[in-house]
Amino acid sequence: MLRIAALAICLLELASAVWGLMGNATEPYDGLLASVYRRLGGDTHDAPFVLACLALVTLFAWHFWRLARQQHLDLPPRNAMARVVWLDLLALSVTPGLPFLVTVLAALLLNVRKAFGFALAQVVINVALYWLLPSEAQRAEQLQNDLPWWLNSLGLATSMVALHGMAFGLGRLAAAEAERRRWFQAMLAEKDSGERLQVEQLRYAERMSMARELHDVMGHHLTALNLHLQLSDALLKRHDEQGAAQAVEKARLGAAGLLAEVRAAVSRERESQRINLEAALRTLAEGIASTQIELTLDPVAQDLSPRCAHALLRCVQEAVTNAVRHAGANRVQVSLDLVGGEGATQVRVRVDDNGRGARKLREGNGLKGMQERMAELGGTMQVLRHHPGFLIELNCPRHA
């Protein structure tokens with residue numbers, strides 16, 4: 001909506017400028033540039049001046065269009081304040097009506113304190129310009145008005161407070177809506193990654209159930225078959241039936257071989273009962289569009305014990321969602337590797353974000369919960385950096 005408003009204003013100014021250049025009467029530009037130009041003896045209806053103001057309006061609309069992009073509402077640029085101030089200077093130089101849009105945009109891109117200070121500065125600047133560099137209409141109003149200067153200033157300040165206060169409120173409402181959207185997005189990604197891990201755990205339980213079934217049922221029957229064939233072999237040998245004995249011997253050896261193969265398969269299945277944590281982490285990363293989440297995962301992430309995978313996922317979810325919702329991070333790096341290289345049994349996970357962090361570390365429920373999860377498995381959780389941004393390291397036994 002802000003981009004459409006800026007475009008509409010630009011088109012209206014273009015139409016007004018063309019109409020004025022054709023010799024028709026139009027409202028002159030009454031911004032800061034017009035006041036300075038009149039003091040230098042110029043006429044604000046001059047074609048070069050009108051074209052210069054129109055170029056500034058076009059420049060304002062172009063910068064406003066770029067700054068009011070959706071991705072900037074999710075991840076404000078680092079130089080947002082400087083760009084907003086530059087945009088406001090363009091607006092004030094042309095017409096006093098444009099700063100209203102800039103105040104709304106500042107309330108969207110900046111934090112509450114900076115946005116409120118910016119709106120307050122807009123009020124002060126407008127009152128100061130009213131007395132220092134008044135427009136033609138303001139000058140005529142001052143000459144016709146018999147009220148004292150302080151009463152005029154109070155009335156102007158009141159109207160400016162109402163105007164820019166409304167702009168600030170509109171911007172903060174939109175910013176709160178964007179924040180709720182990011183929060184729900186992070187929660188949904190956390191839910192999806194948890195469900196992905198739950199699917200892996202269900203598969204693990206099914207494989208274990210199948211392994212027990214193979215061992216308890218097939219293994220039992222094959223053992224019984226082997227014993228019966230041994231008995232048949234002994235009986236046949238008493239009657240000296242060599243052909244039958246050879247056949248029974250082959251059956252016995254086959255049954256014994258089959259039993260060995262079943263047991264070997266069960267052993268292999270038990271040894272391969274591991275959870276694929278990588279799939280759950282990628283689901284978490286893909287589900288949060290407002291923040292760039294970079295994953296660097298060792299292949300061991302596809303071969304973890306269920307308890308280890310579950311604890312690490314919950315800790316990573318906590319760290320990532322805190323960075324997205326509370327720290328204002330626009331990039332989070334998650335790495336998983338083995339401590340000590342190939343053959344090691346200790347898994348290390350690091351979550352590094354570029355958010356605001358905290359100058360003084362205070363352990364809340366999130367950090368305490370991560371410590372408890374790691375301690376239950378014989379692992380550790382450490383905060384290696386808390387300003388700027390958080391760097392959290394998790395260590396956990398791979399087969400916990």
# chains A, B, ... in the order shown; residues from 1 in each chain; ligands from 1

$ residues_around --residues "Gln122 of chain A" --least-positions-apart "3" --cutoff "12 Å" --atoms "only C-alpha atoms" --output "ChimeraX atom specification"
/A:84-85,88-89,91-92,96-104,106,115-119,125-129,157,159-165,167-168

$ closest_residue --among "A:Met81, A:Ala319, A:Ala205, A:Leu188" --to "Leu284 of chain A" --atoms "only C-alpha atoms"
A:Leu188

$ atom_distance --atom1 "atom CA of Arg331 of chain A" --atom2 "atom CA of Asn354 of chain A"
6.0 Å

$ residues_around --residues "Val349 of chain A" --least-positions-apart "2" --cutoff "8 Å" --atoms "only C-alpha atoms" --output "list in words"
Leu312, Val334, Ser335, Leu336, Asp337, Val347, Val351, Glu393, Leu394 and Asn395 of chain A

$ residues_around --residues "Val248 of chain A" --least-positions-apart "4" --cutoff "8 Å" --atoms "only C-alpha atoms" --output "number ranges by chain"
A: 229-230, 232-233, 244, 252

$ write_last_selection --atoms "C-alpha atoms" --output "mmCIF file, in the first residue's frame"
data_model
loop_
_atom_site.group_PDB
_atom_site.id
_atom_site.type_symbol
_atom_site.label_atom_id
_atom_site.label_comp_id
_atom_site.auth_asym_id
_atom_site.auth_seq_id
_atom_site.Cartn_x
_atom_site.Cartn_y
_atom_site.Cartn_z
ATOM 1 C CA LEU A 229 15.540 -82.613 11.105
ATOM 2 C CA GLN A 230 18.378 -83.720 13.342
ATOM 3 C CA SER A 232 14.843 -87.476 11.556
ATOM 4 C CA ASP A 233 18.420 -87.825 10.460
ATOM 5 C CA ALA A 244 17.219 -90.327 2.861
ATOM 6 C CA ARG A 252 19.329 -79.606 8.173
#

$ closest_residue --among "A:Ser290, A:Thr58, A:Gln333, A:Gln371" --to "Leu391 of chain A" --atoms "only C-alpha atoms"
A:Gln333

$ closest_residue --among "A:Phe390, A:Trp183, A:Trp65, A:Tyr204" --to "Thr321 of chain A" --atoms "only C-alpha atoms"
A:Trp183

$ residues_around --residues "Leu33 of chain A" --least-positions-apart "5" --cutoff "9 Å" --atoms "only C-alpha atoms" --output "PyMOL selection string"
chain A and resi 38+53+92-95

$ write_last_selection --atoms "C-alpha atoms" --output "PDB file, in the first residue's frame"
ATOM      1  CA  ARG A  38      12.200  32.350  -3.727  1.00  0.00           C
ATOM      2  CA  CYS A  53      11.340  19.454  -8.323  1.00  0.00           C
ATOM      3  CA  LEU A  92      11.008  18.027   2.748  1.00  0.00           C
ATOM      4  CA  SER A  93      12.853  19.639  -0.134  1.00  0.00           C
ATOM      5  CA  VAL A  94       9.840  19.206  -2.445  1.00  0.00           C
ATOM      6  CA  THR A  95       6.613  19.364  -0.433  1.00  0.00           C
TER       7      THR A  95
END

$ residues_around --residues "Val324 of chain A" --least-positions-apart "4" --cutoff "10 Å" --atoms "only C-alpha atoms" --output "PDB file with N, CA and C atoms, in the first residue's frame"
ATOM      1  N   GLU A 179       5.657  -8.896  12.471  1.00  0.00           N
ATOM      2  CA  GLU A 179       6.310  -9.650  13.548  1.00  0.00           C
ATOM      3  C   GLU A 179       5.514 -10.895  13.895  1.00  0.00           C
ATOM      4  N   ARG A 182       6.130 -13.466  11.213  1.00  0.00           N
ATOM      5  CA  ARG A 182       7.421 -14.140  11.379  1.00  0.00           C
ATOM      6  C   ARG A 182       7.371 -15.132  12.534  1.00  0.00           C
ATOM      7  N   TRP A 183       6.665 -14.764  13.612  1.00  0.00           N
ATOM      8  CA  TRP A 183       6.565 -15.647  14.766  1.00  0.00           C
ATOM      9  C   TRP A 183       5.829 -16.930  14.403  1.00  0.00           C
ATOM     10  N   GLN A 185       5.514 -18.136  11.455  1.00  0.00           N
ATOM     11  CA  GLN A 185       6.332 -18.867  10.487  1.00  0.00           C
ATOM     12  C   GLN A 185       7.379 -19.719  11.199  1.00  0.00           C
ATOM     13  N   ALA A 186       8.029 -19.121  12.207  1.00  0.00           N
ATOM     14  CA  ALA A 186       9.024 -19.870  12.974  1.00  0.00           C
ATOM     15  C   ALA A 186       8.382 -21.021  13.733  1.00  0.00           C
ATOM     16  N   ILE A 288      11.464 -21.255   7.482  1.00  0.00           N
ATOM     17  CA  ILE A 288      11.609 -19.872   7.940  1.00  0.00           C
ATOM     18  C   ILE A 288      12.160 -19.051   6.785  1.00  0.00           C
ATOM     19  N   SER A 290      11.880 -15.691   6.465  1.00  0.00           N
ATOM     20  CA  SER A 290      12.306 -14.340   6.824  1.00  0.00           C
ATOM     21  C   SER A 290      13.771 -14.276   7.249  1.00  0.00           C
ATOM     22  N   THR A 291      14.389 -15.399   7.518  1.00  0.00           N
ATOM     23  CA  THR A 291      15.771 -15.427   7.990  1.00  0.00           C
ATOM     24  C   THR A 291      16.551 -16.458   7.180  1.00  0.00           C
ATOM     25  N   GLN A 292      17.759 -16.085   6.791  1.00  0.00           N
ATOM     26  CA  GLN A 292      18.628 -17.009   6.059  1.00  0.00           C
ATOM     27  C   GLN A 292      19.283 -17.972   7.035  1.00  0.00           C
ATOM     28  N   ILE A 293      18.923 -19.247   6.922  1.00  0.00           N
ATOM     29  CA  ILE A 293      19.478 -20.271   7.807  1.00  0.00           C
ATOM     30  C   ILE A 293      20.397 -21.166   6.986  1.00  0.00           C
ATOM     31  N   ALA A 319      17.187 -22.401  19.784  1.00  0.00           N
ATOM     32  CA  ALA A 319      18.167 -21.366  19.450  1.00  0.00           C
ATOM     33  C   ALA A 319      17.763 -20.595  18.204  1.00  0.00           C
ATOM     34  N   VAL A 320      17.273 -21.303  17.183  1.00  0.00           N
ATOM     35  CA  VAL A 320      16.910 -20.648  15.928  1.00  0.00           C
ATOM     36  C   VAL A 320      15.684 -19.763  16.102  1.00  0.00           C
ATOM     37  N   GLY A 328      16.240 -10.532  16.318  1.00  0.00           N
ATOM     38  CA  GLY A 328      16.233  -9.793  15.059  1.00  0.00           C
ATOM     39  C   GLY A 328      17.322 -10.221  14.099  1.00  0.00           C
ATOM     40  N   ALA A 329      17.742 -11.473  14.165  1.00  0.00           N
ATOM     41  CA  ALA A 329      18.816 -11.958  13.291  1.00  0.00           C
ATOM     42  C   ALA A 329      18.300 -12.147  11.878  1.00  0.00           C
ATOM     43  N   ASN A 330      19.126 -11.801  10.891  1.00  0.00           N
ATOM     44  CA  ASN A 330      18.764 -12.080   9.498  1.00  0.00           C
ATOM     45  C   ASN A 330      19.592 -13.210   8.901  1.00  0.00           C
ATOM     46  N   ARG A 331      20.491 -13.785   9.719  1.00  0.00           N
ATOM     47  CA  ARG A 331      21.265 -14.945   9.248  1.00  0.00           C
ATOM     48  C   ARG A 331      21.619 -15.806  10.449  1.00  0.00           C
ATOM     49  N   VAL A 332      21.384 -17.100  10.326  1.00  0.00           N
ATOM     50  CA  VAL A 332      21.719 -18.069  11.372  1.00  0.00           C
ATOM     51  C   VAL A 332      22.481 -19.213  10.722  1.00  0.00           C
ATOM     52  N   ASP A 353      24.264 -16.824  15.302  1.00  0.00           N
ATOM     53  CA  ASP A 353      23.376 -15.848  14.667  1.00  0.00           C
ATOM     54  C   ASP A 353      24.002 -14.463  14.733  1.00  0.00           C
ATOM     55  N   GLY A 355      22.243 -11.638  15.353  1.00  0.00           N
ATOM     56  CA  GLY A 355      21.242 -10.769  15.952  1.00  0.00           C
ATOM     57  C   GLY A 355      21.836  -9.789  16.952  1.00  0.00           C
TER      58      GLY A 355
END

$ atom_distance --atom1 "atom CA of Leu108 of chain A" --atom2 "atom CA of Gly171 of chain A"
4.9 Å

$ residues_around --residues "Cys396 of chain A" --least-positions-apart "3" --cutoff "12 Å" --atoms "only C-alpha atoms" --output "ChimeraX atom specification"
/A:304-305,307-313,315,336-339,344-350,370-382,393,399-400

$ write_last_selection --atoms "N, CA and C atoms" --output "tab-separated table (two decimals), in the first residue's frame"
chain	number	residue	atom	x	y	z
A	304	LEU	N	22.20	-41.01	13.82
A	304	LEU	CA	22.27	-40.71	15.25
A	304	LEU	C	21.26	-41.56	16.01
A	305	SER	N	21.53	-41.73	17.29
A	305	SER	CA	20.57	-42.45	18.11
A	305	SER	C	19.32	-41.59	18.29
A	307	ARG	N	17.55	-40.70	20.93
A	307	ARG	CA	17.60	-39.72	22.03
A	307	ARG	C	18.51	-38.55	21.67
A	308	CYS	N	19.64	-38.84	21.06
A	308	CYS	CA	20.57	-37.79	20.67
A	308	CYS	C	19.94	-36.87	19.63
A	309	ALA	N	19.32	-37.45	18.60
A	309	ALA	CA	18.70	-36.65	17.54
A	309	ALA	C	17.58	-35.78	18.09
A	310	HIS	N	16.75	-36.35	18.96
A	310	HIS	CA	15.63	-35.60	19.51
A	310	HIS	C	16.12	-34.42	20.36
A	311	ALA	N	17.11	-34.64	21.21
A	311	ALA	CA	17.62	-33.57	22.07
A	311	ALA	C	18.28	-32.46	21.24
A	312	LEU	N	19.08	-32.84	20.25
A	312	LEU	CA	19.75	-31.84	19.43
A	312	LEU	C	18.75	-31.02	18.62
A	313	LEU	N	17.72	-31.68	18.07
A	313	LEU	CA	16.73	-30.94	17.30
A	313	LEU	C	16.00	-29.93	18.18
A	315	CYS	N	17.04	-28.46	20.87
A	315	CYS	CA	17.94	-27.37	21.22
A	315	CYS	C	18.15	-26.43	20.03
A	336	LEU	N	27.00	-29.08	12.22
A	336	LEU	CA	27.02	-30.33	12.98
A	336	LEU	C	28.19	-31.16	12.49
A	337	ASP	N	29.04	-31.61	13.42
A	337	ASP	CA	30.17	-32.45	13.04
A	337	ASP	C	30.55	-33.34	14.22
A	338	LEU	N	31.51	-34.20	13.97
A	338	LEU	CA	32.04	-35.08	15.01
A	338	LEU	C	33.27	-34.46	15.64
A	339	VAL	N	33.35	-34.49	16.95
A	339	VAL	CA	34.52	-33.97	17.66
A	339	VAL	C	35.60	-35.05	17.66
A	344	ALA	N	35.00	-40.86	15.93
A	344	ALA	CA	34.67	-40.27	17.23
A	344	ALA	C	33.20	-40.53	17.54
A	345	THR	N	32.87	-40.41	18.81
A	345	THR	CA	31.50	-40.69	19.25
A	345	THR	C	30.80	-39.46	19.80
A	346	GLN	N	31.45	-38.30	19.79
A	346	GLN	CA	30.87	-37.08	20.34
A	346	GLN	C	30.43	-36.16	19.19
A	347	VAL	N	29.15	-35.77	19.21
A	347	VAL	CA	28.60	-34.89	18.18
A	347	VAL	C	28.62	-33.46	18.70
A	348	ARG	N	29.07	-32.52	17.85
A	348	ARG	CA	29.09	-31.11	18.21
A	348	ARG	C	28.19	-30.32	17.26
A	349	VAL	N	27.33	-29.51	17.82
A	349	VAL	CA	26.43	-28.65	17.05
A	349	VAL	C	26.66	-27.21	17.49
A	350	ARG	N	26.81	-26.31	16.51
A	350	ARG	CA	26.97	-24.89	16.81
A	350	ARG	C	25.88	-24.10	16.10
A	370	MET	N	18.07	-26.17	27.31
A	370	MET	CA	19.10	-26.80	26.49
A	370	MET	C	20.16	-27.46	27.36
A	371	GLN	N	20.55	-26.79	28.44
A	371	GLN	CA	21.52	-27.39	29.35
A	371	GLN	C	21.00	-28.69	29.95
A	372	GLU	N	19.74	-28.69	30.33
A	372	GLU	CA	19.15	-29.90	30.93
A	372	GLU	C	19.08	-31.04	29.93
A	373	ARG	N	18.70	-30.74	28.70
A	373	ARG	CA	18.62	-31.80	27.67
A	373	ARG	C	19.99	-32.43	27.43
A	374	MET	N	21.02	-31.59	27.34
A	374	MET	CA	22.35	-32.12	27.10
A	374	MET	C	22.87	-32.89	28.32
A	375	ALA	N	22.58	-32.38	29.51
A	375	ALA	CA	23.05	-33.06	30.73
A	375	ALA	C	22.42	-34.43	30.88
A	376	GLU	N	21.17	-34.59	30.48
A	376	GLU	CA	20.50	-35.90	30.57
A	376	GLU	C	21.20	-36.95	29.72
A	377	LEU	N	21.85	-36.52	28.65
A	377	LEU	CA	22.53	-37.47	27.76
A	377	LEU	C	24.03	-37.52	28.01
A	378	GLY	N	24.49	-36.84	29.06
A	378	GLY	CA	25.92	-36.82	29.33
A	378	GLY	C	26.67	-35.84	28.47
A	379	GLY	N	25.97	-34.84	27.93
A	379	GLY	CA	26.61	-33.83	27.08
A	379	GLY	C	26.67	-32.48	27.77
A	380	THR	N	27.04	-31.44	27.00
A	380	THR	CA	27.18	-30.10	27.54
A	380	THR	C	26.59	-29.08	26.59
A	381	MET	N	26.24	-27.91	27.14
A	381	MET	CA	25.80	-26.76	26.36
A	381	MET	C	26.58	-25.54	26.85
A	382	GLN	N	27.17	-24.79	25.90
A	382	GLN	CA	27.94	-23.61	26.26
A	382	GLN	C	27.54	-22.44	25.38
A	393	GLU	N	27.12	-23.69	21.58
A	393	GLU	CA	27.73	-24.98	21.22
A	393	GLU	C	27.11	-26.08	22.05
A	399	HIS	N	25.73	-41.97	20.46
A	399	HIS	CA	24.90	-43.15	20.72
A	399	HIS	C	24.19	-43.07	22.07
A	400	ALA	N	23.94	-41.84	22.53
A	400	ALA	CA	23.29	-41.68	23.82
A	400	ALA	C	21.88	-42.26	23.79

$ atom_distance --atom1 "atom CA of Ala47 of chain A" --atom2 "atom CA of Ala61 of chain A"
20.9 Å

$ select_by_dssp --residues "segment 353-392 of chain A" --states "strand (DSSP E)" --output "PyMOL selection string"
chain A and resi 353+380-385+391-392
